[in-house]
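Visitor: So that you have it, the file is model_7.cif, and it contains mmCIF, C-alpha atoms:
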```cif
data_entry
#
loop_
_atom_site.label_atom_id
_atom_site.label_comp_id
_atom_site.auth_asym_id
_atom_site.auth_seq_id
_atom_site.Cartn_x
_atom_site.Cartn_y
_atom_site.Cartn_z
CA MET A 1 -8.86 -9.22 -17.37
CA SER A 2 -6.85 -9.10 -14.12
CA GLN A 3 -5.66 -12.57 -13.25
CA PHE A 4 -2.91 -13.97 -11.03
CA ALA A 5 -1.52 -17.31 -12.15
CA ARG A 6 0.97 -19.80 -10.80
CA ILE A 7 3.65 -21.02 -13.19
CA GLY A 8 5.69 -23.70 -11.43
CA ASN A 9 7.15 -21.96 -8.39
CA SER A 10 6.56 -18.48 -9.83
CA TYR A 11 3.57 -16.19 -10.13
CA SER A 12 2.35 -13.89 -12.86
CA LEU A 13 -0.28 -11.20 -13.16
CA ALA A 14 -2.13 -10.31 -16.33
CA LEU A 15 -3.70 -6.85 -16.38
CA SER A 16 -5.44 -4.64 -18.87
CA GLN A 17 -3.94 -1.23 -19.64
CA ASN A 18 -6.62 0.47 -17.51
CA GLU A 19 -6.09 -1.87 -14.56
CA ALA A 20 -2.34 -1.33 -14.63
CA GLU A 21 -2.80 2.45 -14.80
CA ILE A 22 -5.20 2.38 -11.84
CA LEU A 23 -2.66 0.47 -9.75
CA ILE A 24 0.16 2.79 -10.83
CA ASN A 25 -1.92 5.82 -9.87
CA LEU A 26 -2.81 4.38 -6.47
CA ALA A 27 0.81 3.41 -5.80
CA GLU A 28 2.02 6.89 -6.71
CA GLN A 29 -0.57 8.54 -4.47
CA LEU A 30 0.39 6.33 -1.54
CA LEU A 31 4.10 6.89 -2.19
CA GLU A 32 3.48 10.62 -2.08
CA LEU A 33 1.59 10.31 1.19
CA LEU A 34 4.25 8.09 2.78
CA GLY A 35 6.97 10.52 1.74
CA GLU A 36 5.39 13.55 3.36
CA GLY A 37 7.17 15.17 6.24
CA ASP A 38 10.74 15.56 7.36
CA PHE A 39 11.22 12.71 9.80
CA PHE A 40 14.87 13.31 10.58
CA HIS A 41 14.96 16.96 11.53
CA HIS A 42 15.27 16.54 15.31
CA PHE A 43 18.28 14.33 15.92
CA ASP A 44 19.07 13.19 19.41
CA ASN A 45 22.67 14.28 19.92
CA SER A 46 22.81 12.78 23.42
CA ASP A 47 22.25 9.21 22.22
CA PRO A 48 25.30 7.74 20.46
CA LEU A 49 23.26 4.90 18.95
CA ALA A 50 20.71 7.38 17.61
CA GLN A 51 23.54 9.43 16.12
CA LEU A 52 25.11 6.37 14.53
CA LEU A 53 21.80 5.23 13.03
CA SER A 54 20.73 8.79 12.13
CA MET A 55 17.62 8.33 14.23
CA PRO A 56 15.35 11.25 14.96
CA LYS A 57 14.83 12.42 18.52
CA GLU A 58 11.08 12.15 18.17
CA ILE A 59 8.44 11.25 15.58
CA GLU A 60 4.89 12.37 16.13
CA THR A 61 1.83 10.33 15.29
CA PRO A 62 0.74 11.23 11.75
CA GLU A 63 -2.34 13.37 11.40
CA ASP A 64 -3.55 11.83 8.15
CA PRO A 65 -6.03 8.97 8.86
CA VAL A 66 -4.45 6.77 6.17
CA LEU A 67 -1.01 7.13 7.74
CA LYS A 68 -2.50 6.46 11.17
CA ARG A 69 -3.86 3.19 9.77
CA LEU A 70 -0.69 2.18 7.92
CA LEU A 71 1.66 3.33 10.71
CA PRO A 72 -0.39 2.78 13.87
CA ASN A 73 0.72 3.53 17.40
CA ALA A 74 2.08 0.47 19.16
CA TYR A 75 1.12 1.78 22.59
CA SER A 76 -1.71 3.87 23.99
CA ASP A 77 0.74 5.82 26.16
CA PRO A 78 1.88 8.80 24.03
CA GLU A 79 5.46 8.73 25.32
CA ALA A 80 5.86 4.98 24.75
CA ALA A 81 4.21 5.29 21.33
CA SER A 82 6.57 8.11 20.34
CA ASP A 83 9.61 6.17 21.52
CA PHE A 84 8.51 3.08 19.59
CA ARG A 85 7.89 5.19 16.46
CA ARG A 86 11.35 6.64 16.75
CA TYR A 87 12.90 3.19 16.41
CA THR A 88 10.53 1.65 13.88
CA GLU A 89 8.68 4.17 11.72
CA PRO A 90 11.48 5.25 9.38
CA GLN A 91 12.22 1.61 8.52
CA LEU A 92 8.52 0.75 8.16
CA ARG A 93 7.90 3.75 5.90
CA GLY A 94 10.97 2.88 3.86
CA ALA A 95 9.86 -0.74 3.45
CA LYS A 96 6.39 0.35 2.31
CA GLN A 97 7.91 2.85 -0.12
CA ARG A 98 10.32 0.27 -1.57
CA THR A 99 7.48 -2.22 -2.04
CA LEU A 100 5.30 0.33 -3.81
CA ARG A 101 8.20 1.44 -6.03
CA VAL A 102 8.88 -2.15 -7.16
CA ILE A 103 5.20 -2.66 -7.93
CA ARG A 104 5.03 0.65 -9.80
CA GLU A 105 8.12 -0.23 -11.85
CA GLU A 106 6.70 -3.64 -12.79
CA LEU A 107 3.36 -2.08 -13.76
CA THR A 108 5.00 0.72 -15.71
CA SER A 109 7.06 -1.77 -17.69
CA ILE A 110 3.97 -3.63 -18.90
CA VAL A 111 2.12 -0.40 -19.67
CA ASP A 112 5.08 0.86 -21.69
CA ALA A 113 5.47 -2.47 -23.49
CA GLN A 114 1.92 -2.87 -24.79
CA SER A 115 -1.01 -0.61 -25.42
CA ASP A 116 -3.51 -3.21 -24.17
CA GLY A 117 -1.81 -4.08 -20.89
CA GLY A 118 0.20 -7.23 -20.46
CA THR A 119 1.57 -9.70 -17.96
CA ILE A 120 4.12 -9.38 -15.20
CA PHE A 121 6.05 -12.64 -14.88
CA ASN A 122 7.98 -13.96 -11.88
CA LEU A 123 6.49 -11.38 -9.56
CA ASP A 124 7.34 -11.38 -5.87
CA SER A 125 4.10 -12.61 -4.33
CA GLU A 126 5.01 -11.31 -0.85
CA LEU A 127 5.67 -7.80 -2.18
CA TRP A 128 2.43 -7.85 -4.15
CA LEU A 129 0.41 -8.97 -1.11
CA LYS A 130 1.96 -6.17 0.96
CA ALA A 131 1.29 -3.57 -1.73
CA LEU A 132 -2.30 -4.69 -2.37
CA ASN A 133 -2.95 -4.70 1.37
CA ASP A 134 -1.57 -1.19 1.87
CA LEU A 135 -3.43 0.17 -1.17
CA ARG A 136 -6.67 -1.43 -0.03
CA LEU A 137 -6.27 -0.17 3.55
CA ALA A 138 -5.55 3.36 2.32
CA LEU A 139 -8.57 3.39 0.04
CA GLY A 140 -10.73 1.81 2.74
CA VAL A 141 -9.81 4.57 5.18
CA ARG A 142 -10.61 7.27 2.62
CA LEU A 143 -13.97 5.64 1.84
CA GLU A 144 -14.65 4.94 5.53
CA VAL A 145 -15.40 1.32 4.67
CA ASN A 146 -17.48 -0.67 7.16
CA ASN A 147 -19.61 -3.83 7.17
CA ASP A 148 -22.33 -2.11 5.14
CA SER A 149 -20.04 -0.71 2.44
CA PHE A 150 -20.86 -3.29 -0.22
CA GLU A 151 -24.56 -2.54 0.17
CA THR A 152 -23.74 1.19 0.04
CA PHE A 153 -21.78 0.59 -3.17
CA GLU A 154 -24.62 -1.35 -4.78
CA LEU A 155 -27.15 1.36 -3.94
CA LEU A 156 -25.03 4.24 -5.26
CA PRO A 157 -26.20 5.63 -8.59
CA ASP A 158 -23.71 5.10 -11.42
CA GLU A 159 -23.06 8.84 -11.69
CA ASP A 160 -21.99 9.12 -8.01
CA SER A 161 -18.29 10.04 -7.86
CA GLN A 162 -17.70 7.53 -5.02
CA LYS A 163 -18.93 4.51 -7.01
CA PRO A 164 -15.71 3.97 -9.03
CA MET A 165 -13.62 4.27 -5.85
CA TYR A 166 -15.72 1.59 -4.13
CA ALA A 167 -15.37 -0.57 -7.25
CA VAL A 168 -11.57 -0.22 -7.10
CA TYR A 169 -11.60 -1.03 -3.37
CA PHE A 170 -13.54 -4.25 -3.95
CA TRP A 171 -11.37 -5.10 -6.97
CA LEU A 172 -8.23 -4.75 -4.83
CA GLY A 173 -9.78 -7.13 -2.30
CA TRP A 174 -10.58 -9.57 -5.11
CA LEU A 175 -6.97 -9.40 -6.38
CA GLN A 176 -5.64 -9.90 -2.88
CA GLY A 177 -7.93 -12.89 -2.32
CA GLN A 178 -6.98 -14.39 -5.67
CA LEU A 179 -3.25 -14.20 -4.88
CA LEU A 180 -3.77 -15.57 -1.36
CA GLY A 181 -5.76 -18.44 -2.85
CA LEU A 182 -2.88 -19.32 -5.17
CA LEU A 183 -0.36 -19.11 -2.34
CA THR A 184 -2.35 -21.37 -0.05
CA ALA A 185 -3.40 -23.93 -2.70
CA ASN A 186 -1.61 -27.24 -2.64
#
```
As structure tokens, please, write out the structure in this file.
Guide:
Amino acid sequence: MSQFARIGNSYSLALSQNEAEILINLAEQLLELLGEGDFFHHFDNSDPLAQLLSMPKEIETPEDPVLKRLLPNAYSDPEAASDFRRYTEPQLRGAKQRTLRVIREELTSIVDAQSDGGTIFNLDSELWLKALNDLRLALGVRLEVNNDSFETFELLPDEDSQKPMYAVYFWLGWLQGQLLGLLTAN
């Protein structure tokens, strides 16, 4: 049932109850992952700007592969990468969290409104593209997606526990492509 549509200058998304619940679940899992860790526990008291902006003294590269993908190092040099993270990661994490929260709220409102799903009207297409991209990247990392993954998916027996996750990954890509198609159509 999932379908993006353009209505004048606005966009809508129709989802079944199950589709909305899948997206809510994925958003909540990614929100939990993005919220892990205390990023402001080592403040740099010698830097007045850092104090003013409540910036941490240092932020280490995340250990989780999904976070490494969503919050990659900007530099190969560990010191430069750490310094860059210090100035950018809290804001990047916060932006990703805010995007996922908006998406979750919109999805929750249609799930609560109807037992068979529903439609989100006047959605922010940029936020939705960002959220779909982050959800798809996270799931792709967990599944270790590569060029042969669709063939792997097709060959998996239906009872394999990975098959539904691959199906969701490809569905997210389809949703993302559908929205991009609407945005780029004349």
Visitor: Just so the selection is clear, what residues does the PyMOL selection byres ((chain A and resi 25) around 12) cover here, as a list of chain:residue names?
Guide: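 What the PyMOL selection byres ((chain A and resi 25) around 12) grabs from the file is A:Asn18, A:Glu19, A:Ala20, A:Glu21, A:Ile22, A:Leu23, A:Ile24, A:Leu26, A:Ala27, A:Glu28, A:Gln29, A:Leu30, A:Leu31, A:Glu32, A:Leu100, A:Arg101, A:Ile103, A:Arg104, A:Glu105, A:Leu107, A:Thr108, A:Leu135, A:Val168.
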Visitor: Give me, please, the distance in Å between CA of Ser10 in chain A and CA of Ser125 in chain A, quoted to one decimal.
Guide: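 Distance between the two atoms: 8.4 Å.
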Visitor: In Å to one decimal, how far is CA of Val66 in chain A from CA of Thr184 in chain A?
Guide: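 Rounded to one decimal, the two atoms are 28.9 Å apart.
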Visitor: Enter the distance from CA of Met1 in chain A to CA of Gly117 in chain A, in Å, rounded to one decimal.
Guide: 9.4 Å
Visitor: Pick the closest to Phe170 in chain A from A:Ala14, A:Arg142, A:Asp148, A:Arg136: which is it, counting only C-alpha atoms?
Guide: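 That would be A:Arg136, the residue with the smallest distance to Phe170 in chain A.
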Visitor: Kindly indicate which residue among A:Thr88, A:Ala113, A:Ser76, A:Ser2 lies nearest to Trp174 in chain A, using all atoms listed in the file for the distances.
Guide: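 Looking at the shortest contact to Trp174 in chain A, the residue is A:Ser2.
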Visitor: Smallest atom-to-atom distance to Leu15 in chain A: which of A:Glu60, A:Glu106, A:Asp160, A:Asp134, using all atoms listed in the file?
Guide: A:Glu106
Visitor: So, with all atoms listed in the file as the atoms that count, which of A:Gly181, A:Pro65, A:Pro78, A:Pro90 lies closest to Leu143 in chain A?
Guide: A:Pro65
Visitor: Given the file shown, determine the residues that the PyMOL selection byres ((chain A and resi 162) around 12) selects; report them as a list in words.
Guide: Leu139, Gly140, Arg142, Leu143, Glu144, Val145, Ser149, Thr152, Phe153, Glu154, Leu155, Leu156, Pro157, Asp158, Glu159, Asp160, Ser161, Lys163, Pro164, Met165, Tyr166, Ala167, Val168 and Tyr169 of chain A
Visitor: Quick one: of A:Leu70, A:Asp64, A:Glu151, A:Ile59, who's nearest to Tyr87 in chain A, counting all atoms listed in the file?
Guide: A:Ile59
Visitor: Skip Asp124 in chain A itself and residues of its chain fewer than 3 positions away, then list as a list in words all residues within 9 Å of it, counting all atoms listed in the file.
Guide: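 My list of contacting residues is Ser10, Tyr11, Ser12, Leu127, Trp128 and Leu129 of chain A.
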Visitor: Tell me which of A:Lys130, A:Arg6, A:Arg98, A:Arg85 sits closest to Pro72 in chain A, counting all atoms listed in the file.
Guide: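 Closest candidate: A:Arg85.
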